[in-house]
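Reproduced below: coords_3.txt, with compact mmCIF, C-alpha atoms.
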```
# COMPACT_ATOMS: atom_id res chain seq x y z
CA MET Z 653 118.83 101.97 90.19
CA ARG Z 654 119.44 102.33 86.49
CA PRO Z 655 122.20 102.21 83.88
CA VAL Z 656 123.84 105.19 82.24
CA ARG Z 657 122.64 105.74 78.69
CA LEU Z 658 122.78 102.33 76.99
CA ALA Z 659 120.75 100.45 74.44
CA ALA Z 660 117.47 99.40 76.01
CA THR Z 661 118.15 95.69 75.75
CA LEU Z 662 121.56 95.97 77.36
CA ALA Z 663 120.20 98.25 80.06
CA THR Z 664 117.43 95.84 80.93
CA ALA Z 665 119.92 93.00 81.21
CA LEU Z 666 122.20 95.00 83.48
CA VAL Z 667 119.37 96.01 85.79
CA ALA Z 668 118.10 92.44 85.90
CA ALA Z 669 121.58 91.26 86.83
CA VAL Z 670 121.75 93.72 89.69
CA VAL Z 671 118.34 92.75 91.00
CA SER Z 672 118.97 89.03 90.73
CA ALA Z 673 121.98 89.37 93.00
CA ALA Z 674 119.75 90.38 95.90
CA PRO Z 675 118.87 87.78 98.55
CA SER Z 676 116.27 85.22 97.51
CA ALA Z 677 115.24 84.14 100.97
CA THR Z 678 112.13 85.68 102.49
CA ALA Z 679 113.07 88.49 104.88
CA THR Z 680 112.39 87.83 108.53
CA ALA Z 681 109.60 89.63 110.32
CA ALA Z 682 110.37 92.99 111.90
CA ARG Z 683 111.47 92.64 115.51
CA SER Z 684 109.89 94.74 118.22
CA ALA Z 685 112.59 94.53 120.91
CA PRO Z 686 115.73 96.30 119.65
CA ALA Z 687 118.96 95.59 121.48
CA ASN Z 688 119.91 99.28 121.47
CA PRO Z 689 116.80 101.43 121.37
CA ALA Z 690 117.08 104.98 120.11
CA THR Z 691 115.39 107.80 121.94
CA PRO Z 692 112.31 108.62 119.84
CA ARG Z 693 112.03 112.20 118.67
CA PRO Z 694 109.23 114.01 120.59
CA ALA Z 695 106.10 114.19 118.46
CA ALA Z 696 106.00 117.97 118.77
CA ASP Z 697 109.45 118.19 117.16
CA SER Z 698 108.72 115.87 114.25
CA PRO Z 699 108.72 116.93 110.59
CA VAL Z 700 105.02 116.14 110.27
CA ALA Z 701 104.15 118.14 113.39
CA ALA Z 702 106.11 121.10 112.02
CA ASN Z 703 104.80 120.98 108.47
CA GLY Z 704 101.45 119.17 108.40
CA GLN Z 705 99.81 118.39 105.07
CA LEU Z 706 102.18 119.04 102.17
CA THR Z 707 101.11 120.41 98.83
CA VAL Z 708 102.78 121.37 95.57
CA CYS Z 709 102.93 125.15 95.10
CA GLY Z 710 104.43 126.20 91.79
CA THR Z 711 107.69 124.27 91.41
CA LYS Z 712 108.13 123.65 95.16
CA LEU Z 713 106.89 121.31 97.87
CA CYS Z 714 105.22 123.48 100.50
CA ASN Z 715 104.02 122.90 104.04
CA GLN Z 716 100.65 123.72 105.59
CA ASN Z 717 101.71 127.36 105.91
CA GLY Z 718 102.64 127.69 102.25
CA LYS Z 719 106.38 127.68 102.95
CA ALA Z 720 108.66 125.88 100.48
CA ILE Z 721 110.53 123.09 102.28
CA GLN Z 722 113.04 120.35 101.55
CA LEU Z 723 112.57 116.85 102.94
CA ARG Z 724 115.60 114.58 103.47
CA GLY Z 725 115.43 110.89 104.18
CA MET Z 726 116.06 107.29 103.23
CA SER Z 727 114.55 104.64 101.00
CA SER Z 728 114.13 101.07 102.06
CA HIS Z 729 115.52 98.36 99.85
CA GLY Z 730 112.98 95.92 98.45
CA THR Z 731 110.73 94.83 101.28
CA GLN Z 732 110.70 91.26 99.93
CA TRP Z 733 114.40 91.02 100.85
CA TYR Z 734 115.09 93.45 103.70
CA ALA Z 735 112.05 93.71 105.94
CA ASN Z 736 114.38 92.72 108.79
CA CYS Z 737 116.14 96.09 108.36
CA LEU Z 738 112.89 97.94 109.06
CA THR Z 739 112.39 97.19 112.74
CA ASP Z 740 111.06 99.31 115.58
CA GLY Z 741 114.68 99.89 116.62
CA SER Z 742 115.99 100.85 113.19
CA LEU Z 743 113.06 103.18 112.52
CA ASP Z 744 113.47 104.76 115.96
CA ALA Z 745 117.08 105.42 114.96
CA LEU Z 746 116.07 106.79 111.53
CA ALA Z 747 113.66 109.24 113.13
CA GLY Z 748 115.54 110.03 116.33
CA ASP Z 749 119.27 109.57 115.64
CA TRP Z 750 119.31 110.33 111.91
CA LYS Z 751 116.50 112.91 112.28
CA ALA Z 752 115.08 111.87 108.92
CA ASP Z 753 112.03 113.64 107.55
CA VAL Z 754 110.84 110.90 105.23
CA LEU Z 755 110.94 107.13 104.67
CA ARG Z 756 110.40 105.69 101.21
CA VAL Z 757 108.80 102.22 101.35
CA SER Z 758 109.85 100.33 98.22
CA THR Z 759 107.32 97.68 97.27
CA TYR Z 760 108.80 95.88 94.26
CA VAL Z 761 106.18 94.63 91.84
CA GLN Z 762 108.27 91.89 90.28
CA GLU Z 763 111.58 90.32 91.46
CA GLY Z 764 109.79 88.22 94.08
CA GLY Z 765 107.71 91.15 95.30
CA TYR Z 766 104.05 92.20 95.18
CA GLU Z 767 102.92 89.98 92.32
CA THR Z 768 103.94 86.84 94.23
CA ASN Z 769 101.74 87.64 97.22
CA PRO Z 770 99.69 90.86 96.96
CA ARG Z 771 98.15 90.45 100.40
CA LYS Z 772 101.49 90.02 102.15
CA PHE Z 773 103.19 92.98 100.54
CA THR Z 774 100.21 95.30 100.84
CA ASP Z 775 99.99 94.48 104.54
CA LEU Z 776 103.73 95.07 104.90
CA ALA Z 777 103.36 98.48 103.24
CA HIS Z 778 100.46 99.27 105.60
CA SER Z 779 102.59 98.33 108.60
CA LEU Z 780 105.54 100.48 107.54
CA ILE Z 781 103.30 103.46 106.82
CA GLU Z 782 101.93 103.17 110.35
CA LYS Z 783 105.44 102.89 111.82
CA ALA Z 784 106.63 105.99 109.96
CA THR Z 785 103.50 107.85 111.03
CA ALA Z 786 104.02 106.94 114.68
CA ARG Z 787 107.51 108.45 114.47
CA GLY Z 788 106.41 111.72 112.89
CA MET Z 789 107.98 111.03 109.49
CA TYR Z 790 106.52 111.47 106.04
CA VAL Z 791 106.28 108.28 104.01
CA ILE Z 792 106.54 107.73 100.27
CA VAL Z 793 104.60 104.69 99.07
CA ASP Z 794 106.85 103.53 96.22
CA TRP Z 795 105.34 101.28 93.53
CA HIS Z 796 108.76 99.92 92.57
CA MET Z 797 108.20 98.85 88.98
CA LEU Z 798 111.51 98.22 87.26
CA ASP Z 799 111.37 95.37 84.75
CA PRO Z 800 109.23 95.44 82.63
CA GLY Z 801 109.86 99.13 82.11
CA ASP Z 802 106.41 99.96 80.75
CA PRO Z 803 104.22 100.97 83.72
CA HIS Z 804 101.12 99.88 81.80
CA SER Z 805 102.33 96.28 82.27
CA ASN Z 806 101.28 96.55 85.90
CA LEU Z 807 98.35 98.95 85.52
CA ALA Z 808 95.68 96.65 86.96
CA LYS Z 809 97.91 95.66 89.88
CA ALA Z 810 98.72 99.32 90.55
CA LYS Z 811 95.05 100.26 90.65
CA THR Z 812 94.37 97.50 93.17
CA PHE Z 813 97.37 98.39 95.34
CA PHE Z 814 96.84 102.14 95.43
CA THR Z 815 93.09 101.80 95.99
CA GLU Z 816 93.69 99.85 99.18
CA ILE Z 817 96.60 102.02 100.34
CA ALA Z 818 94.57 105.21 99.81
CA GLN Z 819 91.47 103.79 101.50
CA ARG Z 820 93.46 102.75 104.57
CA HIS Z 821 95.52 105.93 104.94
CA LYS Z 822 93.40 108.72 103.46
CA GLY Z 823 93.02 110.33 106.88
CA LYS Z 824 96.77 110.83 107.31
CA ASN Z 825 98.63 114.01 106.40
CA ASN Z 826 102.06 112.41 105.88
CA VAL Z 827 101.60 110.11 102.85
CA LEU Z 828 102.97 110.68 99.34
CA TYR Z 829 102.28 108.29 96.48
CA GLU Z 830 105.07 107.37 94.02
CA ILE Z 831 103.20 105.64 91.22
CA ALA Z 832 106.00 104.37 88.95
CA ASN Z 833 109.57 103.97 90.15
CA GLU Z 834 111.70 103.86 86.99
CA PRO Z 835 109.95 103.59 83.63
CA SER Z 836 112.30 102.61 80.80
CA GLY Z 837 112.15 101.72 77.14
CA VAL Z 838 108.87 103.60 76.64
CA SER Z 839 107.89 107.08 75.47
CA TRP Z 840 106.98 109.92 77.81
CA SER Z 841 103.48 109.91 76.33
CA ARG Z 842 103.10 106.29 77.41
CA ILE Z 843 104.17 107.13 80.99
CA LYS Z 844 101.88 110.18 81.00
CA SER Z 845 98.96 107.99 79.90
CA TYR Z 846 99.62 105.64 82.81
CA ALA Z 847 99.82 108.51 85.29
CA GLU Z 848 96.55 109.98 84.08
CA GLN Z 849 94.84 106.64 84.78
CA ILE Z 850 96.38 106.01 88.22
CA ILE Z 851 96.17 109.51 89.68
CA PRO Z 852 92.33 109.63 89.60
CA VAL Z 853 92.24 106.28 91.43
CA ILE Z 854 94.14 107.90 94.30
CA ARG Z 855 92.47 111.32 94.07
CA ASN Z 856 88.97 109.86 94.28
CA ILE Z 857 89.89 108.50 97.72
CA ASP Z 858 92.69 110.73 99.03
CA GLY Z 859 92.30 114.16 97.49
CA ASP Z 860 95.09 115.94 99.37
CA ALA Z 861 98.27 113.86 99.11
CA PRO Z 862 100.98 114.77 96.59
CA VAL Z 863 101.55 112.22 93.83
CA LEU Z 864 105.05 111.58 92.45
CA VAL Z 865 105.30 110.63 88.77
CA GLY Z 866 108.28 108.72 87.38
CA THR Z 867 109.96 110.11 84.28
CA ARG Z 868 111.38 108.47 81.18
CA ALA Z 869 114.60 106.43 81.13
CA TRP Z 870 114.83 105.26 84.75
CA SER Z 871 113.45 108.57 86.06
CA SER Z 872 116.17 110.66 84.43
CA PHE Z 873 113.84 113.01 82.50
CA GLY Z 874 114.88 110.97 79.48
CA VAL Z 875 118.61 111.71 79.65
CA SER Z 876 119.59 108.03 79.88
CA GLU Z 877 117.80 107.41 76.58
CA ASP Z 878 118.95 110.55 74.71
CA GLY Z 879 116.05 112.74 75.85
CA SER Z 880 115.64 115.78 78.05
CA GLU Z 881 113.25 117.43 80.47
CA THR Z 882 111.63 119.40 77.65
CA GLU Z 883 109.36 116.47 76.81
CA VAL Z 884 107.73 116.83 80.23
CA VAL Z 885 107.79 120.63 80.22
CA ASN Z 886 106.01 120.65 76.85
CA ASN Z 887 103.55 117.88 77.68
CA PRO Z 888 102.89 117.77 81.45
CA VAL Z 889 100.57 115.31 83.19
CA LYS Z 890 97.03 116.66 83.39
CA ALA Z 891 96.68 116.71 87.16
CA GLY Z 892 97.37 119.03 90.05
CA ASN Z 893 99.43 118.56 93.21
CA ILE Z 894 101.99 116.32 91.47
CA MET Z 895 105.76 116.23 91.26
CA TYR Z 896 108.09 114.51 88.81
CA THR Z 897 110.84 112.21 90.01
CA PHE Z 898 114.53 112.26 89.16
CA HIS Z 899 117.07 109.57 90.11
CA PHE Z 900 120.85 109.78 89.94
CA TYR Z 901 123.96 107.86 90.98
CA ALA Z 902 126.81 110.31 91.33
CA PHE Z 903 129.73 108.14 90.20
CA SER Z 904 127.95 107.37 86.92
CA HIS Z 905 125.74 110.40 86.35
CA ARG Z 906 127.84 113.47 85.81
CA GLU Z 907 127.30 117.10 84.80
CA GLU Z 908 124.79 116.32 82.05
CA TYR Z 909 122.47 114.83 84.64
CA LEU Z 910 123.21 117.54 87.20
CA ASN Z 911 122.42 120.24 84.66
CA THR Z 912 119.23 118.46 83.64
CA LEU Z 913 118.06 118.41 87.24
CA SER Z 914 118.84 122.10 87.61
CA ARG Z 915 116.95 123.09 84.46
CA ALA Z 916 113.99 120.84 85.22
CA ALA Z 917 113.59 122.17 88.75
CA ASP Z 918 113.28 125.71 87.41
CA LYS Z 919 110.19 124.73 85.40
CA LEU Z 920 108.73 121.66 87.09
CA PRO Z 921 108.12 120.44 90.65
CA VAL Z 922 110.81 117.79 91.16
CA PHE Z 923 111.41 115.26 93.94
CA VAL Z 924 114.60 113.15 93.91
CA THR Z 925 113.14 109.92 95.27
CA GLU Z 926 116.32 107.89 94.79
CA PHE Z 927 120.03 108.61 94.57
CA GLY Z 928 123.35 107.10 95.52
CA THR Z 929 126.97 108.14 95.83
CA GLN Z 930 128.12 105.12 93.77
CA ASN Z 931 127.58 103.86 90.23
CA TYR Z 932 124.15 103.27 88.69
CA ALA Z 933 123.95 99.81 90.29
CA GLY Z 934 124.44 101.23 93.77
CA GLU Z 935 127.85 99.62 94.08
CA GLY Z 936 131.53 100.38 93.58
CA SER Z 937 133.43 103.43 94.77
CA ASN Z 938 131.72 106.41 96.38
CA ASP Z 939 132.03 109.77 94.65
CA PHE Z 940 131.32 112.10 97.55
CA PRO Z 941 132.48 115.34 95.83
CA MET Z 942 130.06 114.82 92.93
CA SER Z 943 127.34 113.78 95.34
CA GLN Z 944 127.87 116.99 97.28
CA LYS Z 945 127.43 119.01 94.09
CA TYR Z 946 124.00 117.45 93.73
CA LEU Z 947 123.13 118.06 97.38
CA ASP Z 948 124.22 121.69 97.17
CA LEU Z 949 122.04 122.18 94.09
CA MET Z 950 119.07 120.49 95.75
CA ALA Z 951 119.46 122.61 98.87
CA SER Z 952 119.59 125.81 96.83
CA LYS Z 953 116.41 124.92 94.91
CA LYS Z 954 114.55 123.23 97.80
CA ILE Z 955 114.47 119.86 96.01
CA SER Z 956 113.53 117.10 98.45
CA TRP Z 957 115.59 113.92 98.34
CA VAL Z 958 115.73 110.31 99.46
CA ASN Z 959 118.90 108.20 99.47
CA TRP Z 960 119.14 104.56 98.36
CA ASN Z 961 119.16 102.56 100.68
CA PHE Z 962 118.42 101.74 104.33
CA SER Z 963 119.57 98.11 104.42
CA ASP Z 964 122.62 95.88 104.94
CA ASP Z 965 122.85 94.65 101.36
CA ASN Z 966 126.43 93.79 100.41
CA ARG Z 967 126.66 96.67 97.91
CA THR Z 968 128.35 99.91 98.95
CA GLY Z 969 125.09 101.84 98.54
CA ALA Z 970 123.43 100.06 101.46
CA VAL Z 971 124.12 102.11 104.58
CA PHE Z 972 124.60 99.26 107.10
CA LYS Z 973 127.44 96.76 107.20
CA SER Z 974 126.44 93.23 106.19
CA GLY Z 975 124.89 91.30 109.07
CA THR Z 976 123.62 94.33 110.96
CA CYS Z 977 119.96 93.58 110.31
CA ASN Z 978 120.13 89.91 111.29
CA ALA Z 979 121.90 91.00 114.49
CA ASN Z 980 119.16 93.59 115.12
CA GLY Z 981 121.62 96.47 115.21
CA PRO Z 982 123.25 98.37 116.68
CA TRP Z 983 121.24 101.01 114.83
CA THR Z 984 122.40 104.32 116.32
CA GLY Z 985 125.67 106.13 115.76
CA THR Z 986 128.12 105.21 113.01
CA GLY Z 987 129.65 101.93 114.23
CA SER Z 988 127.43 99.77 112.00
CA LEU Z 989 127.58 102.07 108.97
CA LYS Z 990 129.54 101.75 105.76
CA PRO Z 991 131.31 104.90 104.49
CA ALA Z 992 128.27 105.88 102.40
CA GLY Z 993 126.08 105.42 105.47
CA THR Z 994 128.21 107.70 107.62
CA TRP Z 995 128.31 110.34 104.87
CA ILE Z 996 124.58 110.34 104.19
CA ARG Z 997 123.61 110.20 107.88
CA ASP Z 998 125.48 113.47 108.45
CA ARG Z 999 123.52 115.10 105.64
CA VAL Z 1000 120.13 113.72 106.63
CA ARG Z 1001 120.72 115.13 110.11
CA SER Z 1002 121.28 118.67 108.80
CA ALA Z 1003 117.59 119.43 108.52
CA ASP Z 1004 115.95 122.13 106.46
CA ASP Z 1005 114.68 125.24 108.24
CA PHE Z 1006 111.01 124.37 108.57
```
Can you present the structure in this file as structure tokens?
Amino acid sequence: MRPVRLAATLATALVAAVVSAAPSATATAARSAPANPATPRPAADSPVAANGQLTVCGTKLCNQNGKAIQLRGMSSHGTQWYANCLTDGSLDALAGDWKADVLRVSTYVQEGGYETNPRKFTDLAHSLIEKATARGMYVIVDWHMLDPGDPHSNLAKAKTFFTEIAQRHKGKNNVLYEIANEPSGVSWSRIKSYAEQIIPVIRNIDGDAPVLVGTRAWSSFGVSEDGSETEVVNNPVKAGNIMYTFHFYAFSHREEYLNTLSRAADKLPVFVTEFGTQNYAGEGSNDFPMSQKYLDLMASKKISWVNWNFSDDNRTGAVFKSGTCNANGPWTGTGSLKPAGTWIRDRVRSADDF
């Protein structure tokens, strides 16, 4: 989540305020006995079974047959707060009832996340990758750096984290690596420098998986800090099989952002790894008509997307009503969903033609 174009200091304060409002208690362990189990999708019908190893071909994400595809799915909230929303039952529902193609696992670096207990949060990421794999979904391993906004601040930690993740999961064909969630307050050249140090760490272990690179100004291609996609077009990361990320929140991010996404996707491989129907903080009123404009554009250009977020946080952007996760569901259907959850579930379920 990120602010609309604001001075960097104000933006940082706003983001920090949003993050600090999240629960401080340690999330409970994932439960293995859901009260209302979903019927798992047969493995033969899963997105991974249909598409196999993904690769970047030109400006598109392509499957094992070279066909351009669009993935649709959900992002977790920070796993330090909402691990209890990522249970066997909820993930069965995400794969079987929602028919999601992809789960984004958001490992926050700060805000009570990875840096407080690297072993715990690396193991939690491992576990969720395995759970997504067992359900035939793709999984984005999200290094959720937010504040500080310079990805170099966490370079050593990122190398350690991605080395272990890649070593453990290099044999899988469903993993994508998102190496910097939302850089802010730094130049594109600084972000590019970071990417060109992290990507070889992954490539030396897992040579096939696509890598997703965050863009300037909270992954807006620089728009939120008076920039544009041209800085990436004119100075791309020196690596193959990569995509650039774009984030938007439809109530706050209007036509300027929509047009930026459209132009960028014509010249660069783009993956929308986070978006919401609300304001930049993932709260407030839903703007479904503007959100649909984005979804229509992304469908027309085969831009894969992930919605924020699969939790019961009190904000309107969390799909479940408050208390759903502590009650262990119900996970299927729409009874436990907020309006944004019902809206996005319908659109996740309308799968691409693989």
Per residue of segment 883-932 of chain Z within 9 Å of segment 832-837 of chain Z, note the shortest atom pair and the distance in Å to one decimal, counting only C-alpha atoms, and order the rows by chain and increasing residue number, as a Markdown table.
```
| residue | atom | partner | partner_atom | distance |
| --- | --- | --- | --- | --- |
| Z:Thr897 | CA | Z:Asn833 | CA | 8.3 |
| Z:His899 | CA | Z:Glu834 | CA | 8.4 |
| Z:Thr925 | CA | Z:Asn833 | CA | 8.6 |
```
*asked:* as an MDAnalysis selection string, please: the residues near Val757 of chain Z (cut-off 10 Å, all atoms listed in the file, same-chain neighbours under 2 positions excluded).
replied: chainID Z and resid 726:731 738 754:755 759:760 776:778 780:781 784 791:796 830
*Can you list, as a list in words, every protein, DNA or RNA residue that comes within 8 Å of Leu713 of chain Z when you count only C-alpha atoms, leaving out same-chain residues fewer than 6 positions away?*
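Selected residues are Leu706, Thr707, Ala720, Ile721, Gln722, Pro921, Lys954, Ile955 and Ser956 of chain Z.
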Could you turn the residues from that selection into a file that holds C-alpha atoms, as an mmCIF file, keeping the file's coordinate frame?
```cif
data_model
loop_
_atom_site.group_PDB
_atom_site.id
_atom_site.type_symbol
_atom_site.label_atom_id
_atom_site.label_comp_id
_atom_site.auth_asym_id
_atom_site.auth_seq_id
_atom_site.Cartn_x
_atom_site.Cartn_y
_atom_site.Cartn_z
ATOM 1 C CA LEU Z 706 102.180 119.040 102.170
ATOM 2 C CA THR Z 707 101.110 120.410 98.830
ATOM 3 C CA ALA Z 720 108.660 125.880 100.480
ATOM 4 C CA ILE Z 721 110.530 123.090 102.280
ATOM 5 C CA GLN Z 722 113.040 120.350 101.550
ATOM 6 C CA PRO Z 921 108.120 120.440 90.650
ATOM 7 C CA LYS Z 954 114.550 123.230 97.800
ATOM 8 C CA ILE Z 955 114.470 119.860 96.010
ATOM 9 C CA SER Z 956 113.530 117.100 98.450
#
```
*Pick the closest to Val885 of chain Z from Z:Ala701, Z:Phe773, Z:Arg842, Z:Thr711: which is it, counting all atoms listed in the file?*
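Closest candidate: Z:Thr711.
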*Which residue out of Z:Arg967, Z:Lys973, Z:Lys809, Z:Lys719 has the minimum interatomic distance to Cys737 of chain Z when all atoms listed in the file are used?*
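The shortest atom-to-atom distance to Cys737 of chain Z comes from Z:Lys973.
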_Using only C-alpha atoms: which of Z:Pro941, Z:Pro803, Z:Gly725, Z:Gly710 has the shortest distance to Trp957 of chain Z_ =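 Closest residue, counting only C-alpha atoms: Z:Gly725.
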Please identify all polymer residues within 10 Å of segment 814-823 of chain Z, counting only C-alpha atoms, omitting same-chain residues fewer than 6 positions from it, and present them as a PDB file with C-alpha atoms, in the frame of the given file.
```
ATOM      1  CA  THR Z 774     100.210  95.300 100.840  1.00  0.00           C
ATOM      2  CA  ASP Z 775      99.990  94.480 104.540  1.00  0.00           C
ATOM      3  CA  ALA Z 777     103.360  98.480 103.240  1.00  0.00           C
ATOM      4  CA  HIS Z 778     100.460  99.270 105.600  1.00  0.00           C
ATOM      5  CA  ILE Z 781     103.300 103.460 106.820  1.00  0.00           C
ATOM      6  CA  GLU Z 782     101.930 103.170 110.350  1.00  0.00           C
ATOM      7  CA  VAL Z 793     104.600 104.690  99.070  1.00  0.00           C
ATOM      8  CA  TRP Z 795     105.340 101.280  93.530  1.00  0.00           C
ATOM      9  CA  TYR Z 829     102.280 108.290  96.480  1.00  0.00           C
ATOM     10  CA  GLU Z 830     105.070 107.370  94.020  1.00  0.00           C
ATOM     11  CA  ILE Z 831     103.200 105.640  91.220  1.00  0.00           C
ATOM     12  CA  ILE Z 850      96.380 106.010  88.220  1.00  0.00           C
ATOM     13  CA  ILE Z 851      96.170 109.510  89.680  1.00  0.00           C
ATOM     14  CA  VAL Z 853      92.240 106.280  91.430  1.00  0.00           C
ATOM     15  CA  ILE Z 854      94.140 107.900  94.300  1.00  0.00           C
ATOM     16  CA  ARG Z 855      92.470 111.320  94.070  1.00  0.00           C
ATOM     17  CA  ASN Z 856      88.970 109.860  94.280  1.00  0.00           C
ATOM     18  CA  ILE Z 857      89.890 108.500  97.720  1.00  0.00           C
ATOM     19  CA  ASP Z 858      92.690 110.730  99.030  1.00  0.00           C
ATOM     20  CA  GLY Z 859      92.300 114.160  97.490  1.00  0.00           C
ATOM     21  CA  ASP Z 860      95.090 115.940  99.370  1.00  0.00           C
ATOM     22  CA  ALA Z 861      98.270 113.860  99.110  1.00  0.00           C
TER      23      ALA Z 861
END
```
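The neighbours of Thr994 of chain Z here are the residues that come within 12 Å of it, using only C-alpha atoms and leaving out any residue fewer than 2 positions away in the same chain; they are Trp750, Thr929, Asn938, Phe940, Phe962, Thr968, Gly969, Ala970, Val971, Phe972, Lys973, Thr984, Gly985, Thr986, Gly987, Ser988, Leu989, Lys990, Pro991, Ala992, Ile996, Arg997, Asp998, Arg999, Val1000 and Arg1001 of chain Z.
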_Selected residue, from Z:Lys712, Z:Glu763, Z:Arg756, Z:Asp697, that lies nearest to Ser952 of chain Z when counting only C-alpha atoms_ = Z:Lys712
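You can rank Z:Gln716, Z:Gln944, Z:Asn966, Z:Gln849 by their closest distance to Pro699 of chain Z using all atoms listed in the file, and at the top of that list sits Z:Gln716.
The two atoms in question, atom CA of Glu881 of chain Z and atom CA of Met942 of chain Z, are spaced 21.1 Å apart.
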_Expected answer as a ChimeraX atom specification: all residues with atoms within 9 Å of (111.1, 122.6, 78.8), all atoms listed in the file_ = /Z:880-887,915-916,919-920
*Can you tell me how far atom CA of Ser963 of chain Z sits from atom CA of Thr812 of chain Z, in Å to one decimal?*
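Distance reported for this atom pair: 27.6 Å.
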*May I have the protein, DNA and RNA residues with any atom at most 7 Å from the point (99.4, 114.8, 94.5), counting all atoms listed in the file, written as a list of chain:residue names?*
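With a cut-off of 7 Å, the residues come to Z:Asp860, Z:Ala861, Z:Pro862, Z:Val863, Z:Leu864, Z:Gly892, Z:Asn893, Z:Ile894.
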*Could you pull the residues within 12 Å of Ala702 of chain Z, counting only C-alpha atoms, minus those fewer than 5 positions along the same chain, as a list in words?*
Pro694, Ala695, Ala696, Asp697, Cys714, Asn715, Gln716, Asn717, Lys719, Ile721, Leu723, Asp753, Gly788, Met789, Tyr790, Asn825, Asn826, Asp1004, Asp1005 and Phe1006 of chain Z
*Could you tell me which of Z:Gln762, Z:Ala747, Z:Asp799, Z:Glu767 comes closest to Ala786 of chain Z if we count only C-alpha atoms?*
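Of all the options, Z:Ala747 lies closest to Ala786 of chain Z.
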*Any idea what the distance is between atom CA of Ser1002 of chain Z and atom CA of Lys751 of chain Z?*
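Going from atom CA of Ser1002 of chain Z over to atom CA of Lys751 of chain Z, I get 8.3 Å.
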